[in-house]
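What follows is the content of query.cif, which has mmCIF, C-alpha atoms:
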```cif
data_start
loop_
_atom_site.label_atom_id
_atom_site.label_comp_id
_atom_site.auth_asym_id
_atom_site.auth_seq_id
_atom_site.Cartn_x
_atom_site.Cartn_y
_atom_site.Cartn_z
CA MET A 265 13.34 -20.30 -2.13
CA TRP A 266 9.81 -18.96 -2.63
CA PHE A 267 9.00 -19.46 1.05
CA THR A 268 12.07 -17.51 2.16
CA TYR A 269 11.31 -14.76 -0.34
CA SER A 270 7.72 -14.57 0.89
CA LEU A 271 8.82 -14.23 4.52
CA LEU A 272 11.21 -11.45 3.50
CA VAL A 273 8.39 -9.63 1.68
CA ILE A 274 6.00 -9.96 4.63
CA THR A 275 8.64 -8.66 7.04
CA ALA A 276 9.81 -5.84 4.77
CA TRP A 277 6.33 -4.53 3.94
CA GLY A 278 5.16 -4.89 7.53
CA PHE A 279 8.03 -2.65 8.63
CA ALA A 280 7.45 -0.35 5.64
CA ASP A 281 3.94 0.41 6.92
CA LEU A 282 5.39 1.08 10.38
CA PHE A 283 7.92 3.54 8.93
CA TYR A 284 5.25 5.18 6.79
CA LYS A 285 3.20 5.78 9.91
CA LYS A 286 6.27 7.14 11.75
CA SER A 287 7.00 9.46 8.81
CA VAL A 288 3.72 11.37 8.69
CA THR A 289 1.78 13.43 11.20
CA SER A 290 -1.52 15.29 11.08
CA GLU A 291 0.33 18.45 12.17
CA ASP A 292 2.69 18.45 9.16
CA SER A 293 0.64 18.90 5.99
CA SER A 294 3.64 18.11 3.75
CA SER A 295 4.95 15.02 5.53
CA HIS A 296 3.37 12.69 2.95
CA LEU A 297 5.21 14.57 0.19
CA ARG A 298 8.52 13.86 1.90
CA VAL A 299 7.67 10.17 1.89
CA LEU A 300 6.88 10.32 -1.84
CA THR A 301 10.27 11.95 -2.39
CA ALA A 302 12.13 9.32 -0.39
CA VAL A 303 10.40 6.37 -2.07
CA GLY A 304 10.94 7.95 -5.49
CA PHE A 305 14.66 8.44 -4.94
CA VAL A 306 15.29 4.95 -3.55
CA MET A 307 13.26 3.27 -6.29
CA GLY A 308 15.01 5.41 -8.89
CA ILE A 309 18.41 4.24 -7.65
CA HIS A 310 17.22 0.63 -7.82
CA ALA A 311 15.91 1.10 -11.37
CA PHE A 312 19.17 2.64 -12.60
CA TYR A 313 21.12 -0.20 -11.02
CA PHE A 314 19.11 -2.67 -13.10
CA LEU A 315 19.54 -0.58 -16.25
CA LEU A 316 23.30 -0.13 -15.82
CA ALA A 317 23.77 -3.77 -14.93
CA GLY A 318 22.09 -4.72 -18.19
CA LYS A 319 19.90 -7.31 -16.48
CA THR A 320 17.01 -6.79 -18.89
CA GLU A 321 16.27 -5.20 -22.26
CA TYR A 322 14.56 -1.86 -21.84
CA SER A 323 13.38 1.05 -24.00
CA ILE A 324 11.42 4.27 -23.61
CA SER A 325 8.40 2.55 -25.18
CA ASN A 326 8.30 0.22 -22.15
CA PHE A 327 8.09 3.26 -19.89
CA ILE A 328 5.27 4.83 -21.92
CA THR A 329 3.31 1.56 -22.06
CA TYR A 330 3.43 1.08 -18.30
CA LEU A 331 2.90 4.74 -17.38
CA PRO A 332 -0.91 4.52 -16.78
CA VAL A 333 -0.45 1.45 -14.57
CA ALA A 334 2.39 3.05 -12.61
CA GLY A 335 0.26 6.18 -12.24
CA LEU A 336 -2.53 4.20 -10.60
CA TYR A 337 -0.17 2.42 -8.22
CA ILE A 338 1.61 5.64 -7.23
CA LEU A 339 -1.70 7.48 -6.74
CA ALA A 340 -2.75 4.64 -4.44
CA MET A 341 0.50 5.00 -2.49
CA ALA A 342 -0.05 8.75 -2.18
CA PHE A 343 -3.53 8.13 -0.74
CA GLY A 344 -1.95 5.67 1.69
CA PHE A 345 0.77 8.07 2.85
CA TYR A 346 -1.72 10.89 3.33
CA GLY A 347 -4.20 8.64 5.12
CA PHE A 348 -1.65 7.49 7.70
CA ARG A 349 -1.74 11.07 9.03
CA PHE A 350 -5.20 10.39 10.47
CA VAL A 351 -5.48 6.66 11.13
CA GLU A 352 -3.71 4.20 13.41
CA LEU A 353 -1.37 1.77 11.69
CA SER A 354 -3.37 -1.12 13.17
CA ILE A 355 -6.43 0.07 11.23
CA GLY A 356 -4.93 1.67 8.13
CA SER A 357 -2.81 -1.26 6.96
CA PRO A 358 -5.60 -3.89 6.98
CA LEU A 359 -8.05 -1.42 5.41
CA GLU A 360 -5.65 -0.72 2.56
CA ASN A 361 -5.30 -4.43 1.88
CA THR A 362 -9.03 -4.79 1.26
CA SER A 363 -8.06 -4.04 -2.35
CA GLY A 364 -8.44 -7.78 -2.97
CA ALA A 365 -12.12 -7.54 -2.08
CA MET A 366 -12.56 -4.56 -4.37
CA ALA A 367 -10.72 -6.36 -7.17
CA ALA A 368 -13.12 -9.29 -6.79
CA VAL A 369 -16.13 -6.97 -7.03
CA LEU A 370 -14.69 -5.10 -10.03
CA THR A 371 -14.01 -8.40 -11.78
CA MET A 372 -17.60 -9.45 -11.28
CA ILE A 373 -19.05 -6.13 -12.48
CA PHE A 374 -16.83 -5.24 -15.44
CA LEU A 375 -15.47 -8.57 -16.62
CA LYS A 376 -18.73 -10.45 -16.00
CA GLN A 377 -16.97 -13.06 -13.90
CA THR A 378 -18.69 -14.79 -11.02
CA MET A 379 -17.66 -15.00 -7.38
CA THR A 380 -17.20 -18.21 -5.50
CA TRP A 381 -19.15 -18.42 -2.28
CA TYR A 382 -15.82 -18.07 -0.45
CA GLN A 383 -15.21 -14.72 -2.16
CA ALA A 384 -18.74 -13.53 -1.49
CA VAL A 385 -18.50 -14.34 2.20
CA ALA A 386 -15.05 -12.67 2.42
CA VAL A 387 -16.34 -9.48 0.77
CA ILE A 388 -19.38 -9.38 3.08
CA VAL A 389 -17.19 -9.95 6.16
CA ILE A 390 -14.80 -7.17 5.11
CA THR A 391 -17.70 -4.77 4.50
CA LEU A 392 -19.26 -5.47 7.90
CA SER A 393 -15.87 -5.21 9.60
CA LEU A 394 -15.29 -1.79 8.03
CA ILE A 395 -18.64 -0.62 9.35
CA PHE A 396 -17.76 -1.83 12.87
CA ILE A 397 -14.32 -0.17 12.74
CA GLY A 398 -15.79 3.12 11.53
CA THR A 399 -18.56 3.06 14.14
CA GLU A 400 -16.06 2.48 16.94
CA GLU A 401 -13.81 5.26 15.67
CA LYS A 402 -16.78 7.61 15.63
CA LYS A 403 -17.47 6.74 19.26
CA LYS A 404 -13.81 7.29 20.18
CA ALA A 405 -13.78 10.71 18.48
CA GLY A 406 -16.58 11.85 20.80
CA ILE A 407 -17.14 15.49 21.77
CA THR A 408 -19.55 16.56 19.01
CA LYS A 409 -21.45 14.73 16.33
CA ALA A 410 -19.75 16.86 13.66
CA ALA A 411 -16.27 16.00 14.97
CA GLY A 412 -17.22 12.36 15.16
CA ARG A 413 -18.45 12.30 11.56
CA ARG A 414 -15.31 14.05 10.29
CA HIS A 415 -13.03 11.67 12.20
CA TRP A 416 -14.93 8.63 10.91
CA PHE A 417 -14.78 10.02 7.36
CA LEU A 418 -11.01 10.57 7.45
CA ILE A 419 -10.38 7.19 9.09
CA LEU A 420 -12.06 5.28 6.27
CA LEU A 421 -11.65 7.56 3.24
CA PHE A 422 -7.96 7.38 2.39
CA PRO A 423 -7.31 3.69 3.12
CA LEU A 424 -10.32 2.81 0.99
CA LEU A 425 -9.21 5.20 -1.77
CA TYR A 426 -5.88 3.37 -1.65
CA ALA A 427 -7.60 0.01 -1.89
CA PHE A 428 -9.84 1.07 -4.79
CA THR A 429 -7.03 2.69 -6.81
CA ASP A 430 -4.67 -0.21 -6.12
CA SER A 431 -7.30 -2.68 -7.32
CA LEU A 432 -7.64 -0.71 -10.58
CA GLY A 433 -3.86 -0.79 -10.92
CA THR A 434 -3.89 -4.55 -10.41
CA PHE A 435 -6.39 -4.97 -13.27
CA ALA A 436 -4.33 -2.79 -15.60
CA ASP A 437 -1.11 -4.47 -14.49
CA ALA A 438 -2.39 -7.95 -15.31
CA TYR A 439 -3.42 -6.82 -18.81
CA VAL A 440 -0.10 -5.11 -19.58
CA LEU A 441 2.04 -7.97 -18.26
CA GLU A 442 0.06 -10.52 -20.22
CA ASN A 443 0.28 -8.64 -23.52
CA PHE A 444 3.17 -6.18 -23.62
CA LEU A 445 5.90 -6.23 -20.95
CA THR A 446 7.99 -8.57 -18.84
CA GLU A 447 7.94 -8.28 -15.05
CA ASP A 448 11.39 -6.64 -15.00
CA GLN A 449 10.41 -4.09 -17.64
CA ALA A 450 7.26 -3.24 -15.70
CA ASN A 451 9.16 -2.98 -12.43
CA ILE A 452 11.78 -0.63 -13.90
CA SER A 453 9.05 1.52 -15.46
CA TYR A 454 7.23 1.73 -12.13
CA GLU A 455 10.38 2.76 -10.28
CA LEU A 456 11.37 5.37 -12.88
CA THR A 457 7.86 6.85 -12.76
CA PHE A 458 8.08 6.99 -8.97
CA LEU A 459 11.43 8.79 -9.31
CA ILE A 460 9.79 11.50 -11.43
CA VAL A 461 6.96 11.82 -8.90
CA GLY A 462 9.51 12.00 -6.06
CA ILE A 463 11.38 14.84 -7.77
CA ALA A 464 8.10 16.68 -8.42
CA ALA A 465 7.08 16.23 -4.76
CA LEU A 466 10.42 17.66 -3.61
CA ILE A 467 10.13 20.67 -5.91
CA TYR A 468 6.56 21.30 -4.74
CA THR A 469 7.58 21.04 -1.07
CA VAL A 470 10.55 23.40 -1.37
CA LYS A 471 9.49 25.86 -4.08
CA ILE A 472 5.70 26.07 -3.71
CA LEU A 473 5.12 25.30 -0.03
CA LYS A 474 8.40 27.04 0.93
CA LYS A 475 9.33 24.30 3.39
CA ARG A 476 12.85 23.09 4.09
CA TYR A 477 13.96 19.62 3.11
CA VAL A 478 16.75 18.54 5.45
CA LEU A 479 18.08 15.13 4.48
CA LYS A 480 19.27 14.18 7.95
CA ASP A 481 15.72 14.62 9.27
CA GLN A 482 14.28 12.10 6.79
CA LEU A 483 15.30 8.87 8.56
CA TYR A 484 11.86 7.25 8.69
CA PRO A 485 10.83 8.15 5.11
CA TYR A 486 14.04 6.59 3.76
CA LEU A 487 13.68 3.53 6.00
CA ALA A 488 10.15 3.19 4.61
CA ALA A 489 11.46 3.58 1.07
CA ALA A 490 14.21 1.00 1.61
CA THR A 491 11.89 -1.62 3.09
CA GLU A 492 9.22 -0.95 0.44
CA THR A 493 11.74 -1.42 -2.40
CA THR A 494 13.28 -4.49 -0.76
CA GLY A 495 9.86 -6.09 -0.40
CA GLN A 496 8.98 -5.30 -3.99
CA TYR A 497 12.18 -6.95 -5.26
CA PHE A 498 11.57 -10.20 -3.40
CA TYR A 499 7.84 -10.07 -4.20
CA VAL A 500 8.49 -10.42 -7.93
CA HIS A 501 10.73 -13.46 -7.41
CA ALA A 502 8.39 -15.10 -4.90
CA LEU A 503 5.34 -14.63 -7.11
CA ALA A 504 7.14 -16.02 -10.15
CA SER A 505 8.06 -19.18 -8.21
CA ASN A 506 4.74 -20.15 -6.61
CA ALA A 507 1.97 -17.62 -7.22
CA VAL A 508 -0.91 -19.74 -5.93
CA ILE A 509 0.49 -19.96 -2.40
CA VAL A 510 2.54 -16.76 -2.35
CA ALA A 511 -0.32 -14.31 -3.12
CA PRO A 512 -2.46 -15.04 -0.02
CA MET A 513 0.62 -15.52 2.13
CA ILE A 514 2.05 -12.09 1.29
CA ALA A 515 -1.36 -10.41 1.63
CA SER A 516 -1.13 -11.19 5.32
CA TYR A 517 1.77 -8.76 5.85
CA SER A 518 -0.78 -6.44 7.40
CA ALA A 519 -0.77 -8.75 10.41
CA ILE A 520 2.89 -7.79 10.96
CA ALA A 521 1.96 -4.11 10.66
CA VAL A 522 -0.87 -4.53 13.18
CA LEU A 523 1.50 -6.28 15.59
CA LEU A 524 4.13 -3.55 15.20
CA GLY A 525 1.48 -0.89 15.75
CA ARG A 526 0.48 -2.51 19.01
CA ILE A 527 4.02 -3.20 20.30
CA ILE A 528 6.04 -0.24 19.03
CA LEU A 529 3.45 2.52 18.61
CA LYS A 530 1.39 1.43 21.65
CA GLU A 531 -1.84 1.81 19.69
CA LYS A 532 -5.01 1.10 21.63
CA LEU A 533 -8.06 -0.18 19.84
CA THR A 534 -11.38 -1.34 21.18
CA ARG A 535 -12.17 -5.04 21.42
CA ILE A 536 -14.63 -4.74 18.53
CA GLN A 537 -11.95 -3.12 16.36
CA TRP A 538 -9.43 -5.88 17.11
CA ILE A 539 -12.03 -8.53 16.26
CA SER A 540 -12.93 -6.68 13.05
CA ILE A 541 -9.28 -6.44 12.00
CA PHE A 542 -8.83 -10.16 12.67
CA PHE A 543 -11.75 -10.97 10.36
CA ILE A 544 -10.44 -8.58 7.71
CA LEU A 545 -7.04 -10.30 7.74
CA CYS A 546 -8.67 -13.73 7.48
CA SER A 547 -10.84 -12.52 4.58
CA ILE A 548 -7.84 -11.04 2.76
CA PHE A 549 -6.13 -14.43 3.04
CA VAL A 550 -9.20 -16.21 1.67
CA LEU A 551 -9.48 -13.80 -1.27
CA GLY A 552 -5.81 -14.33 -2.05
CA ILE A 553 -6.43 -18.06 -2.32
CA GLU A 554 -9.56 -17.73 -4.43
CA ILE A 555 -8.53 -14.96 -6.85
#
```
Go ahead and render the structure in this file as structure tokens.
Amino acid sequence: MWFTYSLLVITAWGFADLFYKKSVTSEDSSSHLRVLTAVGFVMGIHAFYFLLAGKTEYSISNFITYLPVAGLYILAMAFGFYGFRFVELSIGSPLENTSGAMAAVLTMIFLKQTMTWYQAVAVIVITLSLIFIGTEEKKKAGITKAAGRRHWFLILLFPLLYAFTDSLGTFADAYVLENFLTEDQANISYELTFLIVGIAALIYTVKILKKRYVLKDQLYPYLAAATETTGQYFYVHALASNAVIVAPMIASYSAIAVLLGRIILKEKLTRIQWISIFFILCSIFVLGIEI
């Protein structure tokens, strides 16, 4: 079943990135907060279903233990939602998934582990590809040097912040799961934390920013939340069944997002950018195998 689960994860998260992109715009400064609210509510419903169904033992201490890890993951997601306001899906999704490269570098620096030559080559390829993507975006921005620099900065900043924060979360997650919590306890804690963040985002949107929250206008945020939560559910089961093969396979879900960006959103990238994204996806796959 692991192969079927993996395909479901790849499909669900590929569409989740599409719906995230459809949910946010550079003109609406609070659109990313609405996505946080939607994801929080849907994940909260899923967490309470597990708790009421009695599928796993759970206590408030589990929530407190996992809170720092959940905080890192949710902060990464917030960077991702905000970043999609400025970057094409075809660029943002692969850039966010360079977290594997950052995790490899962090492991080498802080845990004194060594890289294989495969990992080293993958990290170098990703770094060069990012430079090419940013350079091309700067050219596309045009007009003035200042505008070009700002566009290039926004294009790369938030996806890379996502990748860096997500890689830190991955480190913390591995430690907590190995020593304190089961996967189900961690997953429930993550979803309950996201629910609290979602409620806070809603209150901030309505009370502080004084913007309306009309539920019927939130189709794409809730589609994103549903596909994100669905992918997460199958991800846990797929990883538990065959982690060695599943990890690199699922990391390639960005390829689905890139394809959807080209077909549905009609995104147009330069030839150099397409080649760079291809090499990034290949490197992500290699890192998934080696890590």
Could you make a table, as JSON lines, of the residues of segment 426-523 of chain A that have an atom within 12 Å of an atom of segment 338-347 of chain A, each with its nearest atom pair and distance in Å to one decimal, counting only C-alpha atoms, in chain and number order?
```
{"residue": "A:Tyr426", "atom": "CA", "partner": "A:Ala340", "partner_atom": "CA", "distance": 4.4}
{"residue": "A:Ala427", "atom": "CA", "partner": "A:Ala340", "partner_atom": "CA", "distance": 7.2}
{"residue": "A:Phe428", "atom": "CA", "partner": "A:Ala340", "partner_atom": "CA", "distance": 7.9}
{"residue": "A:Thr429", "atom": "CA", "partner": "A:Ala340", "partner_atom": "CA", "distance": 5.3}
{"residue": "A:Asp430", "atom": "CA", "partner": "A:Ala340", "partner_atom": "CA", "distance": 5.5}
{"residue": "A:Ser431", "atom": "CA", "partner": "A:Ala340", "partner_atom": "CA", "distance": 9.1}
{"residue": "A:Leu432", "atom": "CA", "partner": "A:Ala340", "partner_atom": "CA", "distance": 9.5}
{"residue": "A:Gly433", "atom": "CA", "partner": "A:Ala340", "partner_atom": "CA", "distance": 8.5}
{"residue": "A:Thr434", "atom": "CA", "partner": "A:Ala340", "partner_atom": "CA", "distance": 11.0}
{"residue": "A:Ser453", "atom": "CA", "partner": "A:Ile338", "partner_atom": "CA", "distance": 11.8}
{"residue": "A:Tyr454", "atom": "CA", "partner": "A:Ile338", "partner_atom": "CA", "distance": 8.4}
{"residue": "A:Glu455", "atom": "CA", "partner": "A:Ile338", "partner_atom": "CA", "distance": 9.7}
{"residue": "A:Leu456", "atom": "CA", "partner": "A:Ile338", "partner_atom": "CA", "distance": 11.3}
{"residue": "A:Thr457", "atom": "CA", "partner": "A:Ile338", "partner_atom": "CA", "distance": 8.4}
{"residue": "A:Phe458", "atom": "CA", "partner": "A:Ile338", "partner_atom": "CA", "distance": 6.8}
{"residue": "A:Leu459", "atom": "CA", "partner": "A:Ile338", "partner_atom": "CA", "distance": 10.5}
{"residue": "A:Ile460", "atom": "CA", "partner": "A:Ile338", "partner_atom": "CA", "distance": 10.9}
{"residue": "A:Val461", "atom": "CA", "partner": "A:Ile338", "partner_atom": "CA", "distance": 8.3}
{"residue": "A:Gly462", "atom": "CA", "partner": "A:Ile338", "partner_atom": "CA", "distance": 10.2}
{"residue": "A:Ala465", "atom": "CA", "partner": "A:Ala342", "partner_atom": "CA", "distance": 10.7}
{"residue": "A:Pro485", "atom": "CA", "partner": "A:Phe345", "partner_atom": "CA", "distance": 10.3}
{"residue": "A:Ala488", "atom": "CA", "partner": "A:Phe345", "partner_atom": "CA", "distance": 10.7}
{"residue": "A:Ala489", "atom": "CA", "partner": "A:Met341", "partner_atom": "CA", "distance": 11.6}
{"residue": "A:Glu492", "atom": "CA", "partner": "A:Met341", "partner_atom": "CA", "distance": 11.0}
```
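Atom CA of Val385 of chain A to atom CA of Val550 of chain A spans 9.5 Å [interatomic distance, one decimal].
What separates atom CA of Leu420 of chain A from atom CA of Phe350 of chain A is a distance of 9.5 Å.
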* Atomic distance atom CA of Ala334 of chain A - atom CA of Val470 of chain A, expressed in Å with one decimal -> 24.6 Å
* Given the file shown, enumerate the residues that the PyMOL selection byres ((chain A and resi 440) around 12) captures and present them as a list in words. =>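 Output from the PyMOL selection byres ((chain A and resi 440) around 12), applied to this file: Asn326, Phe327, Ile328, Thr329, Tyr330, Leu331, Pro332, Val333, Ala334, Gly433, Thr434, Phe435, Ala436, Asp437, Ala438, Tyr439, Leu441, Glu442, Asn443, Phe444, Leu445, Thr446, Glu447, Gln449, Ala450 and Asn451 of chain A.
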* Point (4.6, 2.4, 17.1), cut-off 9 Å, counting only C-alpha atoms, residues as a PyMOL selection string -> chain A and resi 282-283+285-286+353+524-531
* Output check: residues returned by the PyMOL selection byres ((chain A and resi 469) around 12), as a ChimeraX atom specification -> /A:292-301,462-468,470-478
Could you complete segment 301-330 of chain A so that it carries N, CA and C atoms, and give it back as a PDB file, keeping the file's coordinate frame?
```pdb
ATOM      1  N   THR A 301       8.921  11.624  -1.921  1.00  0.00           N
ATOM      2  CA  THR A 301      10.270  11.950  -2.390  1.00  0.00           C
ATOM      3  C   THR A 301      11.250  10.838  -2.050  1.00  0.00           C
ATOM      4  N   ALA A 302      11.211  10.365  -0.823  1.00  0.00           N
ATOM      5  CA  ALA A 302      12.130   9.320  -0.390  1.00  0.00           C
ATOM      6  C   ALA A 302      11.939   8.036  -1.190  1.00  0.00           C
ATOM      7  N   VAL A 303      10.690   7.600  -1.328  1.00  0.00           N
ATOM      8  CA  VAL A 303      10.400   6.370  -2.070  1.00  0.00           C
ATOM      9  C   VAL A 303      10.824   6.531  -3.529  1.00  0.00           C
ATOM     10  N   GLY A 304      10.555   7.700  -4.101  1.00  0.00           N
ATOM     11  CA  GLY A 304      10.940   7.950  -5.490  1.00  0.00           C
ATOM     12  C   GLY A 304      12.431   7.864  -5.699  1.00  0.00           C
ATOM     13  N   PHE A 305      13.208   8.452  -4.802  1.00  0.00           N
ATOM     14  CA  PHE A 305      14.660   8.440  -4.940  1.00  0.00           C
ATOM     15  C   PHE A 305      15.232   7.038  -4.783  1.00  0.00           C
ATOM     16  N   VAL A 306      14.769   6.305  -3.779  1.00  0.00           N
ATOM     17  CA  VAL A 306      15.290   4.950  -3.550  1.00  0.00           C
ATOM     18  C   VAL A 306      14.914   4.026  -4.705  1.00  0.00           C
ATOM     19  N   MET A 307      13.667   4.109  -5.162  1.00  0.00           N
ATOM     20  CA  MET A 307      13.260   3.270  -6.290  1.00  0.00           C
ATOM     21  C   MET A 307      14.001   3.666  -7.563  1.00  0.00           C
ATOM     22  N   GLY A 308      14.259   4.954  -7.726  1.00  0.00           N
ATOM     23  CA  GLY A 308      15.010   5.410  -8.890  1.00  0.00           C
ATOM     24  C   GLY A 308      16.416   4.843  -8.909  1.00  0.00           C
ATOM     25  N   ILE A 309      17.064   4.819  -7.754  1.00  0.00           N
ATOM     26  CA  ILE A 309      18.410   4.240  -7.650  1.00  0.00           C
ATOM     27  C   ILE A 309      18.380   2.755  -8.017  1.00  0.00           C
ATOM     28  N   HIS A 310      17.361   2.058  -7.523  1.00  0.00           N
ATOM     29  CA  HIS A 310      17.220   0.630  -7.820  1.00  0.00           C
ATOM     30  C   HIS A 310      16.994   0.392  -9.311  1.00  0.00           C
ATOM     31  N   ALA A 311      16.184   1.247  -9.940  1.00  0.00           N
ATOM     32  CA  ALA A 311      15.910   1.100 -11.370  1.00  0.00           C
ATOM     33  C   ALA A 311      17.175   1.333 -12.187  1.00  0.00           C
ATOM     34  N   PHE A 312      17.947   2.357 -11.857  1.00  0.00           N
ATOM     35  CA  PHE A 312      19.170   2.640 -12.600  1.00  0.00           C
ATOM     36  C   PHE A 312      20.221   1.550 -12.405  1.00  0.00           C
ATOM     37  N   TYR A 313      20.223   0.937 -11.240  1.00  0.00           N
ATOM     38  CA  TYR A 313      21.120  -0.200 -11.020  1.00  0.00           C
ATOM     39  C   TYR A 313      20.795  -1.321 -12.010  1.00  0.00           C
ATOM     40  N   PHE A 314      19.511  -1.623 -12.174  1.00  0.00           N
ATOM     41  CA  PHE A 314      19.110  -2.670 -13.100  1.00  0.00           C
ATOM     42  C   PHE A 314      19.467  -2.293 -14.544  1.00  0.00           C
ATOM     43  N   LEU A 315      19.249  -1.021 -14.884  1.00  0.00           N
ATOM     44  CA  LEU A 315      19.540  -0.580 -16.250  1.00  0.00           C
ATOM     45  C   LEU A 315      21.031  -0.628 -16.541  1.00  0.00           C
ATOM     46  N   LEU A 316      21.848  -0.144 -15.616  1.00  0.00           N
ATOM     47  CA  LEU A 316      23.300  -0.130 -15.820  1.00  0.00           C
ATOM     48  C   LEU A 316      23.900  -1.520 -15.789  1.00  0.00           C
ATOM     49  N   ALA A 317      23.273  -2.402 -15.010  1.00  0.00           N
ATOM     50  CA  ALA A 317      23.770  -3.770 -14.930  1.00  0.00           C
ATOM     51  C   ALA A 317      23.383  -4.587 -16.164  1.00  0.00           C
ATOM     52  N   GLY A 318      22.499  -4.041 -16.977  1.00  0.00           N
ATOM     53  CA  GLY A 318      22.090  -4.720 -18.190  1.00  0.00           C
ATOM     54  C   GLY A 318      21.363  -6.027 -17.939  1.00  0.00           C
ATOM     55  N   LYS A 319      20.582  -6.066 -16.848  1.00  0.00           N
ATOM     56  CA  LYS A 319      19.900  -7.310 -16.480  1.00  0.00           C
ATOM     57  C   LYS A 319      18.661  -7.586 -17.330  1.00  0.00           C
ATOM     58  N   THR A 320      18.188  -6.573 -18.054  1.00  0.00           N
ATOM     59  CA  THR A 320      17.010  -6.790 -18.890  1.00  0.00           C
ATOM     60  C   THR A 320      17.008  -5.778 -20.030  1.00  0.00           C
ATOM     61  N   GLU A 321      16.413  -6.126 -21.145  1.00  0.00           N
ATOM     62  CA  GLU A 321      16.270  -5.200 -22.260  1.00  0.00           C
ATOM     63  C   GLU A 321      15.195  -4.178 -21.914  1.00  0.00           C
ATOM     64  N   TYR A 322      15.500  -2.916 -22.232  1.00  0.00           N
ATOM     65  CA  TYR A 322      14.560  -1.860 -21.840  1.00  0.00           C
ATOM     66  C   TYR A 322      14.633  -0.706 -22.838  1.00  0.00           C
ATOM     67  N   SER A 323      13.449  -0.103 -23.100  1.00  0.00           N
ATOM     68  CA  SER A 323      13.380   1.050 -24.000  1.00  0.00           C
ATOM     69  C   SER A 323      12.345   2.033 -23.480  1.00  0.00           C
ATOM     70  N   ILE A 324      12.346   3.225 -24.047  1.00  0.00           N
ATOM     71  CA  ILE A 324      11.420   4.270 -23.610  1.00  0.00           C
ATOM     72  C   ILE A 324       9.976   3.860 -23.879  1.00  0.00           C
ATOM     73  N   SER A 325       9.764   3.016 -24.886  1.00  0.00           N
ATOM     74  CA  SER A 325       8.400   2.550 -25.180  1.00  0.00           C
ATOM     75  C   SER A 325       7.849   1.712 -24.027  1.00  0.00           C
ATOM     76  N   ASN A 326       8.732   0.979 -23.330  1.00  0.00           N
ATOM     77  CA  ASN A 326       8.300   0.220 -22.150  1.00  0.00           C
ATOM     78  C   ASN A 326       7.774   1.164 -21.083  1.00  0.00           C
ATOM     79  N   PHE A 327       8.490   2.269 -20.894  1.00  0.00           N
ATOM     80  CA  PHE A 327       8.090   3.260 -19.890  1.00  0.00           C
ATOM     81  C   PHE A 327       6.725   3.849 -20.226  1.00  0.00           C
ATOM     82  N   ILE A 328       6.533   4.218 -21.490  1.00  0.00           N
ATOM     83  CA  ILE A 328       5.270   4.830 -21.920  1.00  0.00           C
ATOM     84  C   ILE A 328       4.111   3.835 -21.780  1.00  0.00           C
ATOM     85  N   THR A 329       4.356   2.587 -22.149  1.00  0.00           N
ATOM     86  CA  THR A 329       3.310   1.560 -22.060  1.00  0.00           C
ATOM     87  C   THR A 329       2.834   1.367 -20.634  1.00  0.00           C
ATOM     88  N   TYR A 330       3.786   1.382 -19.691  1.00  0.00           N
ATOM     89  CA  TYR A 330       3.430   1.080 -18.300  1.00  0.00           C
ATOM     90  C   TYR A 330       3.014   2.320 -17.519  1.00  0.00           C
TER      91      TYR A 330
END
```
